[in-house]
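A.B. asks: Supplied structure: data_6.txt, compact mmCIF, C-alpha atoms and all ligand atoms.
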```txt
# COMPACT_ATOMS: atom_id res chain seq x y z
CA MET J 1 140.33 228.76 110.09
CA ASN J 2 139.05 227.84 113.51
CA GLU J 3 135.28 228.01 113.72
CA HIS J 4 135.35 227.42 117.48
CA GLU J 5 137.46 230.56 117.93
CA ILE J 6 135.26 232.49 115.48
CA ARG J 7 132.13 231.61 117.47
CA LYS J 8 133.47 233.54 120.45
CA SER J 9 132.88 236.78 118.54
CA PHE J 10 129.13 236.08 118.19
CA PRO J 11 127.32 236.78 121.47
CA ILE J 12 123.93 235.61 120.16
CA LEU J 13 125.18 232.06 119.57
CA HIS J 14 125.87 231.56 123.27
CA GLN J 15 122.35 231.06 124.51
CA GLU J 16 119.83 228.30 125.06
CA VAL J 17 116.67 228.08 123.00
CA ASN J 18 113.88 225.92 124.36
CA GLY J 19 116.28 224.42 126.87
CA HIS J 20 118.98 223.51 124.31
CA PRO J 21 122.11 225.33 123.15
CA LEU J 22 121.20 227.25 120.01
CA VAL J 23 122.15 225.77 116.64
CA TYR J 24 121.63 228.51 114.09
CA LEU J 25 121.19 227.14 110.57
CA ASP J 26 119.13 229.91 108.98
CA ASN J 27 122.02 231.90 107.57
CA ALA J 28 120.60 232.19 104.07
CA ALA J 29 117.79 234.29 105.59
CA THR J 30 120.15 236.43 107.65
CA SER J 31 123.48 235.94 109.38
CA GLN J 32 124.39 236.70 112.97
CA LYS J 33 126.61 239.68 113.84
CA PRO J 34 130.02 239.60 115.50
CA ILE J 35 130.81 241.87 118.43
CA GLN J 36 133.18 243.84 116.16
CA VAL J 37 130.23 244.89 113.97
CA ILE J 38 127.99 245.66 116.94
CA GLU J 39 130.73 247.77 118.53
CA ALA J 40 131.51 249.61 115.28
CA ILE J 41 127.88 250.73 115.11
CA GLU J 42 127.80 251.60 118.81
CA ASN J 43 131.05 253.52 118.53
CA TYR J 44 129.75 255.44 115.53
CA TYR J 45 126.62 256.54 117.41
CA LYS J 46 128.51 257.27 120.62
CA LYS J 47 131.34 259.28 119.08
CA ASN J 48 130.83 260.30 115.46
CA ASN J 49 127.12 260.53 114.68
CA SER J 50 126.38 263.36 112.28
CA ASN J 51 124.99 263.80 108.78
CA VAL J 52 127.29 263.25 105.80
CA HIS J 53 128.38 265.53 102.95
CA ARG J 54 126.84 268.58 104.68
CA GLY J 55 128.42 270.10 107.76
CA VAL J 56 131.98 271.32 107.79
CA HIS J 57 132.22 270.56 111.50
CA THR J 58 134.40 267.80 112.91
CA LEU J 59 131.67 265.23 113.55
CA GLY J 60 130.27 265.80 110.07
CA ASN J 61 133.68 265.17 108.59
CA ARG J 62 134.15 262.03 110.67
CA ALA J 63 130.75 260.68 109.59
CA THR J 64 131.52 261.41 105.93
CA GLU J 65 134.88 259.69 106.25
CA ALA J 66 133.30 256.65 107.91
CA TYR J 67 130.57 256.42 105.25
CA GLU J 68 132.87 256.90 102.27
CA GLY J 69 135.49 254.66 103.89
CA ALA J 70 132.89 251.88 103.98
CA ARG J 71 132.25 252.42 100.27
CA GLU J 72 135.97 251.93 99.60
CA LYS J 73 135.88 248.69 101.60
CA VAL J 74 132.91 247.39 99.61
CA ALA J 75 134.63 248.28 96.33
CA SER J 76 137.81 246.48 97.31
CA PHE J 77 135.87 243.46 98.71
CA ILE J 78 134.26 242.70 95.34
CA ASN J 79 137.15 244.19 93.33
CA ALA J 80 135.21 246.99 91.64
CA GLY J 81 137.33 249.25 89.45
CA SER J 82 136.44 252.28 91.55
CA SER J 83 134.36 253.14 94.64
CA HIS J 84 132.33 255.41 92.32
CA GLU J 85 130.81 252.19 90.97
CA ILE J 86 129.32 251.30 94.38
CA VAL J 87 125.85 252.63 95.20
CA PHE J 88 124.67 252.04 98.75
CA THR J 89 121.13 250.65 98.87
CA ARG J 90 118.91 249.02 101.50
CA GLY J 91 119.87 245.58 100.19
CA THR J 92 119.68 243.27 97.20
CA THR J 93 115.99 243.95 96.58
CA THR J 94 116.43 247.72 96.36
CA ALA J 95 119.57 247.33 94.25
CA LEU J 96 117.81 245.09 91.69
CA ASN J 97 114.79 247.41 91.64
CA LEU J 98 117.11 250.32 90.92
CA VAL J 99 118.46 248.55 87.82
CA ALA J 100 114.97 247.47 86.74
CA GLN J 101 113.53 250.94 87.17
CA SER J 102 116.40 253.02 85.90
CA TYR J 103 118.35 250.95 83.37
CA ALA J 104 115.61 248.68 82.05
CA ARG J 105 112.95 251.33 81.65
CA ALA J 106 115.36 253.65 79.85
CA PHE J 107 117.04 251.15 77.54
CA LEU J 108 114.43 248.43 76.85
CA LYS J 109 111.53 248.60 74.42
CA GLU J 110 108.87 246.42 72.87
CA GLY J 111 110.31 243.34 71.18
CA ASP J 112 113.35 243.20 73.48
CA GLU J 113 113.89 240.23 75.79
CA ILE J 114 114.73 239.99 79.47
CA VAL J 115 116.14 236.57 80.38
CA ILE J 116 116.08 235.04 83.87
CA THR J 117 115.63 231.51 85.34
CA PRO J 118 112.70 229.88 87.18
CA ALA J 119 114.98 229.49 90.23
CA GLU J 120 115.19 233.23 90.98
CA HIS J 121 114.28 234.75 94.31
CA HIS J 122 111.18 236.96 94.00
CA SER J 123 113.52 239.97 94.32
CA ASN J 124 115.15 238.98 91.04
CA LEU J 125 111.90 238.13 89.32
CA ILE J 126 109.14 240.61 90.14
CA PRO J 127 111.22 243.72 89.23
CA TRP J 128 111.72 242.15 85.75
CA GLN J 129 108.03 241.27 85.43
CA GLN J 130 107.29 244.91 86.18
CA ALA J 131 109.98 246.18 83.81
CA ALA J 132 108.62 243.93 81.06
CA LYS J 133 105.11 245.29 81.62
CA ALA J 134 106.37 248.88 81.60
CA THR J 135 108.53 248.57 78.46
CA GLY J 136 106.73 245.94 76.37
CA ALA J 137 109.77 243.65 76.58
CA THR J 138 109.25 239.88 76.86
CA LEU J 139 110.32 237.92 79.94
CA LYS J 140 112.00 234.63 78.99
CA TYR J 141 113.26 231.78 81.15
CA ILE J 142 116.38 229.64 80.82
CA PRO J 143 115.06 226.11 81.48
CA LEU J 144 116.62 224.28 84.42
CA GLN J 145 118.14 220.83 84.06
CA GLU J 146 116.65 217.96 86.01
CA ASP J 147 118.89 218.56 89.04
CA GLY J 148 118.06 222.28 89.12
CA THR J 149 121.32 223.47 87.57
CA VAL J 150 121.67 225.90 84.67
CA SER J 151 123.52 224.50 81.64
CA LEU J 152 125.42 226.72 79.25
CA GLU J 153 123.70 224.92 76.41
CA ASN J 154 120.33 226.12 77.71
CA VAL J 155 121.75 229.62 78.23
CA ARG J 156 122.90 229.65 74.59
CA LYS J 157 119.49 228.43 73.41
CA THR J 158 117.57 231.07 75.36
CA ILE J 159 119.62 234.20 74.74
CA THR J 160 119.04 235.66 71.26
CA HIS J 161 119.89 238.84 69.38
CA ARG J 162 116.71 240.29 70.92
CA THR J 163 117.97 239.75 74.47
CA LYS J 164 118.95 243.04 76.09
CA LEU J 165 119.28 242.00 79.71
CA VAL J 166 120.03 238.75 81.55
CA SER J 167 119.62 238.57 85.32
CA ILE J 168 120.59 235.57 87.40
CA ALA J 169 121.60 234.63 90.93
CA TYR J 170 125.24 233.65 91.43
CA VAL J 171 124.10 231.20 94.13
CA SER J 172 120.53 229.91 94.55
CA ASN J 173 119.02 230.44 98.00
CA VAL J 174 117.06 227.18 97.66
CA LEU J 175 119.19 224.75 95.68
CA GLY J 176 122.58 226.13 96.70
CA THR J 177 123.66 225.82 93.06
CA ILE J 178 126.55 228.02 91.93
CA ASN J 179 125.88 229.40 88.47
CA PRO J 180 128.65 229.86 85.84
CA ILE J 181 128.42 233.65 85.85
CA LYS J 182 131.58 234.39 83.90
CA GLU J 183 130.50 232.15 81.03
CA ILE J 184 126.95 233.53 81.10
CA ALA J 185 128.37 237.09 80.96
CA HIS J 186 130.39 236.08 77.91
CA ILE J 187 127.34 234.65 76.12
CA ALA J 188 125.16 237.65 77.04
CA HIS J 189 127.77 240.15 75.87
CA GLY J 190 128.20 238.18 72.64
CA HIS J 191 124.58 239.06 71.89
CA GLY J 192 124.90 242.67 73.02
CA ALA J 193 122.99 242.03 76.26
CA ILE J 194 124.04 243.10 79.75
CA LEU J 195 124.31 240.77 82.75
CA VAL J 196 122.84 241.58 86.17
CA VAL J 197 123.87 239.33 89.06
CA ASP J 198 121.89 238.72 92.23
CA GLY J 199 124.76 238.28 94.67
CA ALA J 200 122.67 237.95 97.86
CA GLN J 201 123.82 234.36 98.50
CA SER J 202 127.29 234.51 96.93
CA THR J 203 128.90 237.61 98.44
CA PRO J 204 128.80 236.26 102.02
CA HIS J 205 130.25 232.88 101.04
CA LEU J 206 132.60 233.12 98.05
CA LYS J 207 135.43 235.32 96.89
CA VAL J 208 133.76 237.67 94.41
CA ASP J 209 135.56 239.63 91.70
CA VAL J 210 133.11 241.65 89.62
CA GLN J 211 135.75 242.59 87.06
CA GLU J 212 136.72 238.99 86.50
CA LEU J 213 133.05 237.94 86.28
CA ASP J 214 132.57 240.84 83.85
CA CYS J 215 129.00 241.41 85.03
CA ASP J 216 127.41 244.79 84.36
CA PHE J 217 125.57 245.03 87.68
CA TYR J 218 125.97 243.08 90.92
CA ALA J 219 123.59 243.39 93.89
CA PHE J 220 123.99 242.20 97.48
CA SER J 221 122.82 242.66 101.08
CA GLY J 222 124.89 243.44 104.18
CA HIS J 223 122.75 241.49 106.65
CA LYS J 224 123.56 238.11 105.10
CA MET J 225 127.32 238.74 105.48
CA LEU J 226 127.60 239.66 109.18
CA GLY J 227 126.52 243.27 108.64
CA PRO J 228 123.39 245.04 109.89
CA THR J 229 119.99 245.00 108.20
CA GLY J 230 119.03 247.95 105.99
CA ILE J 231 122.30 248.26 104.07
CA GLY J 232 123.46 246.67 100.83
CA ALA J 233 125.08 247.71 97.62
CA LEU J 234 124.73 247.83 93.89
CA TYR J 235 127.88 247.60 91.81
CA GLY J 236 127.44 248.98 88.31
CA LYS J 237 129.93 249.52 85.52
CA ARG J 238 130.70 253.23 85.36
CA LYS J 239 129.56 253.49 81.71
CA TRP J 240 126.03 252.37 82.69
CA LEU J 241 125.70 254.25 85.98
CA GLU J 242 126.70 257.47 84.25
CA LYS J 243 123.99 257.04 81.63
CA MET J 244 121.26 256.11 84.13
CA GLU J 245 118.76 258.45 85.77
CA PRO J 246 118.18 258.38 89.53
CA VAL J 247 114.94 256.79 90.77
CA GLU J 248 114.73 258.77 94.01
CA PHE J 249 114.89 262.54 94.08
CA GLY J 250 115.41 265.03 96.89
CA GLY J 251 118.21 266.11 99.20
CA GLU J 252 121.82 264.92 98.91
CA MET J 253 121.59 263.71 95.29
CA ILE J 254 121.39 267.11 93.58
CA ASP J 255 123.91 269.47 92.09
CA PHE J 256 121.96 272.67 91.20
CA VAL J 257 118.26 273.19 91.85
CA ASP J 258 116.14 275.76 90.07
CA LEU J 259 112.41 276.36 90.35
CA TYR J 260 111.61 274.19 87.35
CA ASP J 261 114.66 272.04 86.76
CA SER J 262 117.61 270.50 88.56
CA THR J 263 120.85 268.66 87.90
CA TRP J 264 122.34 265.66 89.70
CA LYS J 265 125.57 264.93 91.50
CA GLU J 266 128.06 262.61 89.85
CA ILE J 267 127.93 258.83 90.44
CA PRO J 268 127.33 257.20 92.86
CA TRP J 269 125.77 260.03 94.88
CA LYS J 270 123.04 260.84 92.36
CA PHE J 271 121.49 257.48 93.33
CA GLU J 272 121.59 258.14 97.07
CA GLY J 273 118.80 260.65 97.68
CA GLY J 274 118.12 261.65 101.31
CA THR J 275 120.12 260.98 104.44
CA PRO J 276 121.86 257.67 103.80
CA ILE J 277 122.15 254.60 106.05
CA ILE J 278 125.38 255.85 107.63
CA ALA J 279 125.61 253.53 110.65
CA GLY J 280 124.60 250.62 108.39
CA ALA J 281 127.49 251.36 106.05
CA VAL J 282 129.87 251.58 109.01
CA GLY J 283 128.60 248.18 110.24
CA LEU J 284 129.00 246.69 106.76
CA GLY J 285 132.57 248.01 106.62
CA ALA J 286 133.34 246.27 109.94
CA ALA J 287 131.74 243.05 108.65
CA ILE J 288 133.97 243.16 105.57
CA ASP J 289 137.04 243.62 107.79
CA PHE J 290 135.99 240.59 109.81
CA LEU J 291 135.42 238.39 106.74
CA GLN J 292 138.66 239.48 105.10
CA GLU J 293 140.68 238.74 108.18
CA ILE J 294 139.52 235.12 107.97
CA GLY J 295 139.65 234.96 104.17
CA MET J 296 136.80 234.25 101.77
CA ASN J 297 138.47 231.17 100.31
CA GLU J 298 138.84 229.70 103.81
CA ILE J 299 135.19 230.43 104.56
CA ALA J 300 134.09 228.76 101.30
CA ALA J 301 136.25 225.70 102.02
CA HIS J 302 134.83 225.41 105.55
CA GLU J 303 131.26 225.50 104.22
CA ARG J 304 132.05 222.92 101.53
CA LYS J 305 133.37 220.60 104.24
CA LEU J 306 130.30 221.09 106.42
CA VAL J 307 127.89 220.51 103.53
CA GLN J 308 129.65 217.29 102.60
CA TYR J 309 129.56 216.15 106.23
CA ALA J 310 125.83 216.97 106.45
CA PHE J 311 125.12 215.16 103.17
CA GLU J 312 126.81 211.98 104.34
CA LYS J 313 124.72 211.99 107.51
CA LEU J 314 121.47 212.89 105.74
CA GLU J 315 121.91 210.13 103.20
CA GLY J 316 121.85 207.67 106.08
CA ILE J 317 118.28 208.65 106.99
CA ASP J 318 115.40 207.06 105.08
CA GLY J 319 112.52 209.17 103.83
CA ILE J 320 114.41 212.41 103.17
CA THR J 321 114.32 214.14 99.79
CA ILE J 322 117.14 216.59 99.16
CA TYR J 323 116.64 219.09 96.34
CA GLY J 324 119.31 220.25 93.93
CA PRO J 325 122.60 218.67 92.91
CA ARG J 326 124.79 216.58 95.20
CA LYS J 327 127.99 218.42 94.23
CA GLY J 328 129.09 221.96 93.37
CA ARG J 329 126.82 223.70 95.81
CA SER J 330 127.19 226.25 98.56
CA GLY J 331 126.24 225.72 102.22
CA VAL J 332 122.50 225.42 101.65
CA ILE J 333 120.59 222.15 102.02
CA THR J 334 116.93 222.16 101.11
CA PHE J 335 114.95 219.05 101.96
CA ASN J 336 111.66 217.47 102.90
CA LEU J 337 110.81 214.65 105.23
CA ASP J 338 108.28 212.23 103.69
CA HIS J 339 104.68 212.83 104.82
CA VAL J 340 105.61 215.71 107.15
CA HIS J 341 104.99 219.38 106.34
CA PRO J 342 108.23 221.39 106.47
CA HIS J 343 106.66 223.81 108.95
CA ASP J 344 106.14 220.87 111.31
CA VAL J 345 109.75 219.78 110.74
CA ALA J 346 111.00 223.29 111.54
CA THR J 347 108.79 223.51 114.63
CA VAL J 348 110.08 220.24 116.10
CA LEU J 349 113.67 221.21 115.25
CA ASP J 350 113.11 224.53 117.02
CA ALA J 351 111.94 222.67 120.12
CA GLU J 352 115.40 221.05 120.03
CA GLY J 353 117.11 224.45 119.71
CA VAL J 354 117.83 224.07 115.98
CA ALA J 355 116.82 227.04 113.80
CA VAL J 356 116.07 226.22 110.13
CA ARG J 357 113.80 227.90 107.60
CA ALA J 358 110.61 226.39 106.19
CA GLY J 359 108.35 227.73 103.46
CA HIS J 360 108.63 228.77 99.83
CA HIS J 361 111.83 230.80 100.44
CA CYS J 362 110.51 233.65 98.25
CA CYS J 363 110.80 231.29 95.26
CA GLN J 364 107.23 230.27 94.44
CA PRO J 365 107.93 229.43 90.75
CA LEU J 366 110.82 227.20 91.85
CA MET J 367 108.57 225.43 94.38
CA LYS J 368 106.16 224.70 91.52
CA TRP J 369 109.05 223.43 89.42
CA LEU J 370 110.10 221.14 92.30
CA ASN J 371 106.48 220.05 92.60
CA VAL J 372 106.20 220.98 96.28
CA THR J 373 104.40 223.71 98.15
CA ALA J 374 107.24 224.26 100.59
CA THR J 375 110.54 222.84 101.83
CA ALA J 376 112.78 223.00 104.89
CA ARG J 377 116.24 224.55 104.53
CA ALA J 378 119.37 224.34 106.64
CA SER J 379 121.97 226.95 105.66
CA MET J 380 125.46 227.26 107.09
CA TYR J 381 128.03 229.92 107.73
CA LEU J 382 131.54 230.38 109.04
CA TYR J 383 130.58 229.90 112.72
CA ASN J 384 128.81 226.56 112.21
CA THR J 385 130.58 223.42 113.37
CA GLU J 386 130.33 219.66 112.81
CA GLU J 387 128.69 219.51 116.26
CA ASP J 388 125.96 221.83 114.92
CA ILE J 389 125.40 219.42 112.05
CA ASP J 390 125.28 216.45 114.46
CA ARG J 391 122.69 218.26 116.61
CA PHE J 392 120.66 219.06 113.48
CA ILE J 393 120.78 215.45 112.26
CA ASN J 394 119.86 214.05 115.67
CA ALA J 395 116.95 216.48 115.93
CA LEU J 396 115.83 215.45 112.44
CA ILE J 397 115.90 211.77 113.39
CA LYS J 398 113.82 212.63 116.48
CA THR J 399 111.37 214.56 114.27
CA LYS J 400 111.02 211.59 111.98
CA GLU J 401 110.42 209.21 114.89
CA TYR J 402 107.92 211.57 116.46
CA PHE J 403 105.87 211.87 113.28
CA SER J 404 106.03 208.18 112.38
CA HIS J 405 104.56 207.57 115.82
CA VAL J 406 101.87 210.26 115.40
CA LEU J 407 101.04 209.27 111.80
CA GLY J 408 101.08 205.59 112.67
C1 LIG J 501 118.99 234.90 96.18
C2 LIG J 501 118.39 236.07 96.91
N1 LIG J 501 118.12 237.20 96.25
C3 LIG J 501 117.62 238.27 96.84
C4 LIG J 501 117.33 238.29 98.19
C5 LIG J 501 116.74 239.53 98.79
O1 LIG J 501 117.61 240.09 99.73
P1 LIG J 501 117.13 241.27 100.66
O2 LIG J 501 115.86 240.80 101.33
O3 LIG J 501 118.24 241.46 101.64
O4 LIG J 501 116.88 242.46 99.81
C6 LIG J 501 117.58 237.14 98.94
C7 LIG J 501 117.24 237.09 100.38
O5 LIG J 501 116.80 236.11 100.90
C8 LIG J 501 118.12 236.00 98.29
O6 LIG J 501 118.38 234.88 98.95
```
Please render this file's structure as structure tokens.
Ligand SMILES: Cc1ncc(COP(=O)(O)O)c(C=O)c1O

C.D. replies:
Amino acid sequence: MNEHEIRKSFPILHQEVNGHPLVYLDNAATSQKPIQVIEAIENYYKKNNSNVHRGVHTLGNRATEAYEGAREKVASFINAGSSHEIVFTRGTTTALNLVAQSYARAFLKEGDEIVITPAEHHSNLIPWQQAAKATGATLKYIPLQEDGTVSLENVRKTITHRTKLVSIAYVSNVLGTINPIKEIAHIAHGHGAILVVDGAQSTPHLKVDVQELDCDFYAFSGHKMLGPTGIGALYGKRKWLEKMEPVEFGGEMIDFVDLYDSTWKEIPWKFEGGTPIIAGAVGLGAAIDFLQEIGMNEIAAHERKLVQYAFEKLEGIDGITIYGPRKGRSGVITFNLDHVHPHDVATVLDAEGVAVRAGHHCCQPLMKWLNVTATARASMYLYNTEEDIDRFINALIKTKEYFSHVLG
């Protein structure tokens, strides 16, 4: 793949920020959008806008086709068995909350265990805290190894015959670690537990096959994979989705409505109450087309190369702590500069046109585990280049010099 060619499709990247060409390294928070996605949304609103599954008129049919066509694209992108197993949601957070509210509250009871890790994003932690409180189940944590990775030995030690549900991120948004999902699914199923995967940081960057992973649920967001904000998806095995109750009730999701009782549509529509995010789904479909044209394996290889390049350069700078393992990670580098608050690091980098994230990254328990209050994070995507990494490293060296001067 040619990242220089790819960049041409991203209008936002071609601007100056604070007098410097923009280097965007905050992709784990959200990705930029190619012109193909922007135009797909524009085209939808200009030519096809209408509500779905209602009117029999031409625009209504076109909108329904566009919306359901996007569902087919999502299903094929993650290799779901059927598009009926794809529920459109607002994003990963809503998808995980749907499982926690519908599946967990129906199937978990006092004495059961929910197993997660201390490295989870708040979106894959708080819904389980709430589900545990509502059902009387116990929340248990798989301990992390010293480098922040999850070992299968620790997974085996934590999951017991009481475990009913395991939920874990495929890729950590802080450490960049890639968890052995297939093996974890095997261990969980061996104990009769289901596996939920937070795919927010994996779906944009790796080839994902939910059938091969054998997870029961898989959640992700469109905005981190070139799509618009406000759209994401929950994959669920048909056998679970069919048994689950909706969590939102109203228009669109019903079959028959009586004064005192109602019945629901079949899956996935029973989970999509109200007018759905039609233009968002269309934009996500266009994003999937864009990613597939390049190839997910090519994108993953490009990011691996960039991360290695960045690591080599970073290791040449004194006074930098990098968190997480050196190898086997995705395009996320979380770090701190000695004696400088990460917000200050990010502010000076921004003055140089380099956008990185600083803070707790919605992972407060993991920050505690790392023994820090916050970190800085540079995260890459398919349009980043070695020149971007050079600009980031040079800006970091400048930051270090500036603060060593200020701090004496
Ligand atoms: C690992 C992980 N899980 C969940 C989320 C939540 O995604 P969203 O805010 O799109 O719902 C994020 C977003 O940063 C994430 O990185």

A.B. asks: Distance table requested - chain J against ligand LIG 501 (chain J), cut-off 7 Å, only C-alpha atoms and all ligand atoms: one row per qualifying residue with the closest atom pair and its distance in Å to one decimal, ordered by chain and rising residue number, as JSON lines.

C.D. replies:
```
{"residue": "J:Ala28", "atom": "CA", "partner": "J:LIG501", "partner_atom": "O6", "distance": 6.2}
{"residue": "J:Ala29", "atom": "CA", "partner": "J:LIG501", "partner_atom": "O5", "distance": 5.1}
{"residue": "J:Gly91", "atom": "CA", "partner": "J:LIG501", "partner_atom": "O4", "distance": 4.3}
{"residue": "J:Thr92", "atom": "CA", "partner": "J:LIG501", "partner_atom": "O4", "distance": 3.9}
{"residue": "J:Thr93", "atom": "CA", "partner": "J:LIG501", "partner_atom": "O4", "distance": 3.7}
{"residue": "J:Thr94", "atom": "CA", "partner": "J:LIG501", "partner_atom": "O4", "distance": 6.3}
{"residue": "J:Glu120", "atom": "CA", "partner": "J:LIG501", "partner_atom": "C1", "distance": 6.7}
{"residue": "J:His121", "atom": "CA", "partner": "J:LIG501", "partner_atom": "N1", "distance": 5.0}
{"residue": "J:Ser123", "atom": "CA", "partner": "J:LIG501", "partner_atom": "C3", "distance": 5.1}
{"residue": "J:Asn124", "atom": "CA", "partner": "J:LIG501", "partner_atom": "N1", "distance": 6.3}
{"residue": "J:Ala169", "atom": "CA", "partner": "J:LIG501", "partner_atom": "C1", "distance": 5.9}
{"residue": "J:Val171", "atom": "CA", "partner": "J:LIG501", "partner_atom": "C1", "distance": 6.6}
{"residue": "J:Ser172", "atom": "CA", "partner": "J:LIG501", "partner_atom": "C1", "distance": 5.5}
{"residue": "J:Asn173", "atom": "CA", "partner": "J:LIG501", "partner_atom": "O6", "distance": 4.6}
{"residue": "J:Asp198", "atom": "CA", "partner": "J:LIG501", "partner_atom": "N1", "distance": 5.7}
{"residue": "J:Gly199", "atom": "CA", "partner": "J:LIG501", "partner_atom": "C1", "distance": 6.9}
{"residue": "J:Ala200", "atom": "CA", "partner": "J:LIG501", "partner_atom": "C2", "distance": 4.8}
{"residue": "J:Gln201", "atom": "CA", "partner": "J:LIG501", "partner_atom": "C1", "distance": 5.4}
{"residue": "J:Ser221", "atom": "CA", "partner": "J:LIG501", "partner_atom": "O3", "distance": 4.8}
{"residue": "J:His223", "atom": "CA", "partner": "J:LIG501", "partner_atom": "O3", "distance": 6.7}
```

A.B. asks: Could I get the residues of range 34-147 of chain J with an atom no further than 10 Å from an atom of range 322-337 of chain J, each paired with its nearest atom pair and that distance in Å to one decimal, using only C-alpha atoms, sorted by chain and residue number, as JSON lines?

C.D. replies:
```
{"residue": "J:Gln145", "atom": "CA", "partner": "J:Gly324", "partner_atom": "CA", "distance": 10.0}
{"residue": "J:Glu146", "atom": "CA", "partner": "J:Gly324", "partner_atom": "CA", "distance": 8.7}
{"residue": "J:Asp147", "atom": "CA", "partner": "J:Gly324", "partner_atom": "CA", "distance": 5.2}
```

A.B. asks: In Å to one decimal, how far is CA of Ala300 in chain J from CA of Ile12 in chain J?

C.D. replies: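 Computing the Euclidean distance for CA of Ile12 in chain J and CA of Ala300 in chain J yields 22.5 Å.
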
A.B. asks: What does the distance between CA of Val166 in chain J and CA of Arg238 in chain J come to in Å, to one decimal place?

C.D. replies: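 One can read the CA of Val166 in chain J to CA of Arg238 in chain J distance as 18.4 Å.
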
A.B. asks: Using all atoms listed in the file, find each residue in range 64-119 of chain J having at least one atom no more than 10 Å away from range 261-267 of chain J; report its shortest atom-to-atom pair and that distance in Å (one decimal), rows by chain then rising number, as JSON lines.

C.D. replies:
```
{"residue": "J:Ser83", "atom": "CA", "partner": "J:Ile267", "partner_atom": "CA", "distance": 9.6}
{"residue": "J:His84", "atom": "CA", "partner": "J:Ile267", "partner_atom": "CA", "distance": 5.9}
{"residue": "J:Glu85", "atom": "CA", "partner": "J:Ile267", "partner_atom": "CA", "distance": 7.3}
{"residue": "J:Ile86", "atom": "CA", "partner": "J:Ile267", "partner_atom": "CA", "distance": 8.6}
{"residue": "J:Val87", "atom": "CA", "partner": "J:Ile267", "partner_atom": "CA", "distance": 8.1}
```

A.B. asks: Suppose we keep C-alpha atoms; can you now write the selection as an mmCIF file, in the frame of the given file?

C.D. replies:
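Contents of the output file again-v7.cif:
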```
data_model
loop_
_atom_site.group_PDB
_atom_site.id
_atom_site.type_symbol
_atom_site.label_atom_id
_atom_site.label_comp_id
_atom_site.auth_asym_id
_atom_site.auth_seq_id
_atom_site.Cartn_x
_atom_site.Cartn_y
_atom_site.Cartn_z
ATOM 1 C CA SER J 83 134.360 253.140 94.640
ATOM 2 C CA HIS J 84 132.330 255.410 92.320
ATOM 3 C CA GLU J 85 130.810 252.190 90.970
ATOM 4 C CA ILE J 86 129.320 251.300 94.380
ATOM 5 C CA VAL J 87 125.850 252.630 95.200
#
```

A.B. asks: Quick one: pull the distance between CA of His189 in chain J and CA of Val155 in chain J, Å, one decimal.

C.D. replies: 12.4 Å

A.B. asks: When you count all atoms listed in the file, which of these residues is closest to Glu315 in chain J: J:Leu349, J:Val356, J:Ala119, J:Ile397?

C.D. replies: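 Comparing J:Leu349, J:Val356, J:Ala119, J:Ile397 against Glu315 in chain J, the winner is J:Ile397.
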
A.B. asks: Around (132.4, 242.6, 98.7) in the file's frame, which residues reach within 12 Å when counting all atoms listed in the file? Return as a ChimeraX atom specification?

C.D. replies: /J:70-80,83,86,199-210,218-222,224-227,232-235,284-292,295-296

A.B. asks: Kindly provide, as a PyMOL selection string, the polymer residues lying within 7 Å of (129.5, 224.0, 105.1), counting only C-alpha atoms and using the coordinates exactly as they appear in the file.

C.D. replies: chain J and resi 302-307+331+380-381

A.B. asks: Next, write the just-selected residues to a file, as a tab-separated table (two decimals), in the frame of the given file, keeping C-alpha atoms as the atom set.

C.D. replies:
```tsv
chain	number	residue	atom	x	y	z
J	302	HIS	CA	134.83	225.41	105.55
J	303	GLU	CA	131.26	225.50	104.22
J	304	ARG	CA	132.05	222.92	101.53
J	305	LYS	CA	133.37	220.60	104.24
J	306	LEU	CA	130.30	221.09	106.42
J	307	VAL	CA	127.89	220.51	103.53
J	331	GLY	CA	126.24	225.72	102.22
J	380	MET	CA	125.46	227.26	107.09
J	381	TYR	CA	128.03	229.92	107.73
```

A.B. asks: Within 12 Å of Arg391 in chain J, counting all atoms listed in the file, which residues show up once you throw out same-chain ones fewer than 4 positions away? Write them as a JSON list (two decimals) with C-alpha atoms, in the frame of the given file, please.

C.D. replies:
```json
[["chain", "number", "residue", "atom", "x", "y", "z"],
["J", 20, "HIS", "CA", 118.98, 223.51, 124.31],
["J", 21, "PRO", "CA", 122.11, 225.33, 123.15],
["J", 22, "LEU", "CA", 121.20, 227.25, 120.01],
["J", 23, "VAL", "CA", 122.15, 225.77, 116.64],
["J", 24, "TYR", "CA", 121.63, 228.51, 114.09],
["J", 25, "LEU", "CA", 121.19, 227.14, 110.57],
["J", 310, "ALA", "CA", 125.83, 216.97, 106.45],
["J", 313, "LYS", "CA", 124.72, 211.99, 107.51],
["J", 349, "LEU", "CA", 113.67, 221.21, 115.25],
["J", 350, "ASP", "CA", 113.11, 224.53, 117.02],
["J", 352, "GLU", "CA", 115.40, 221.05, 120.03],
["J", 353, "GLY", "CA", 117.11, 224.45, 119.71],
["J", 354, "VAL", "CA", 117.83, 224.07, 115.98],
["J", 355, "ALA", "CA", 116.82, 227.04, 113.80],
["J", 384, "ASN", "CA", 128.81, 226.56, 112.21],
["J", 385, "THR", "CA", 130.58, 223.42, 113.37],
["J", 386, "GLU", "CA", 130.33, 219.66, 112.81],
["J", 387, "GLU", "CA", 128.69, 219.51, 116.26],
["J", 395, "ALA", "CA", 116.95, 216.48, 115.93],
["J", 396, "LEU", "CA", 115.83, 215.45, 112.44],
["J", 397, "ILE", "CA", 115.90, 211.77, 113.39],
["J", 398, "LYS", "CA", 113.82, 212.63, 116.48]]
```
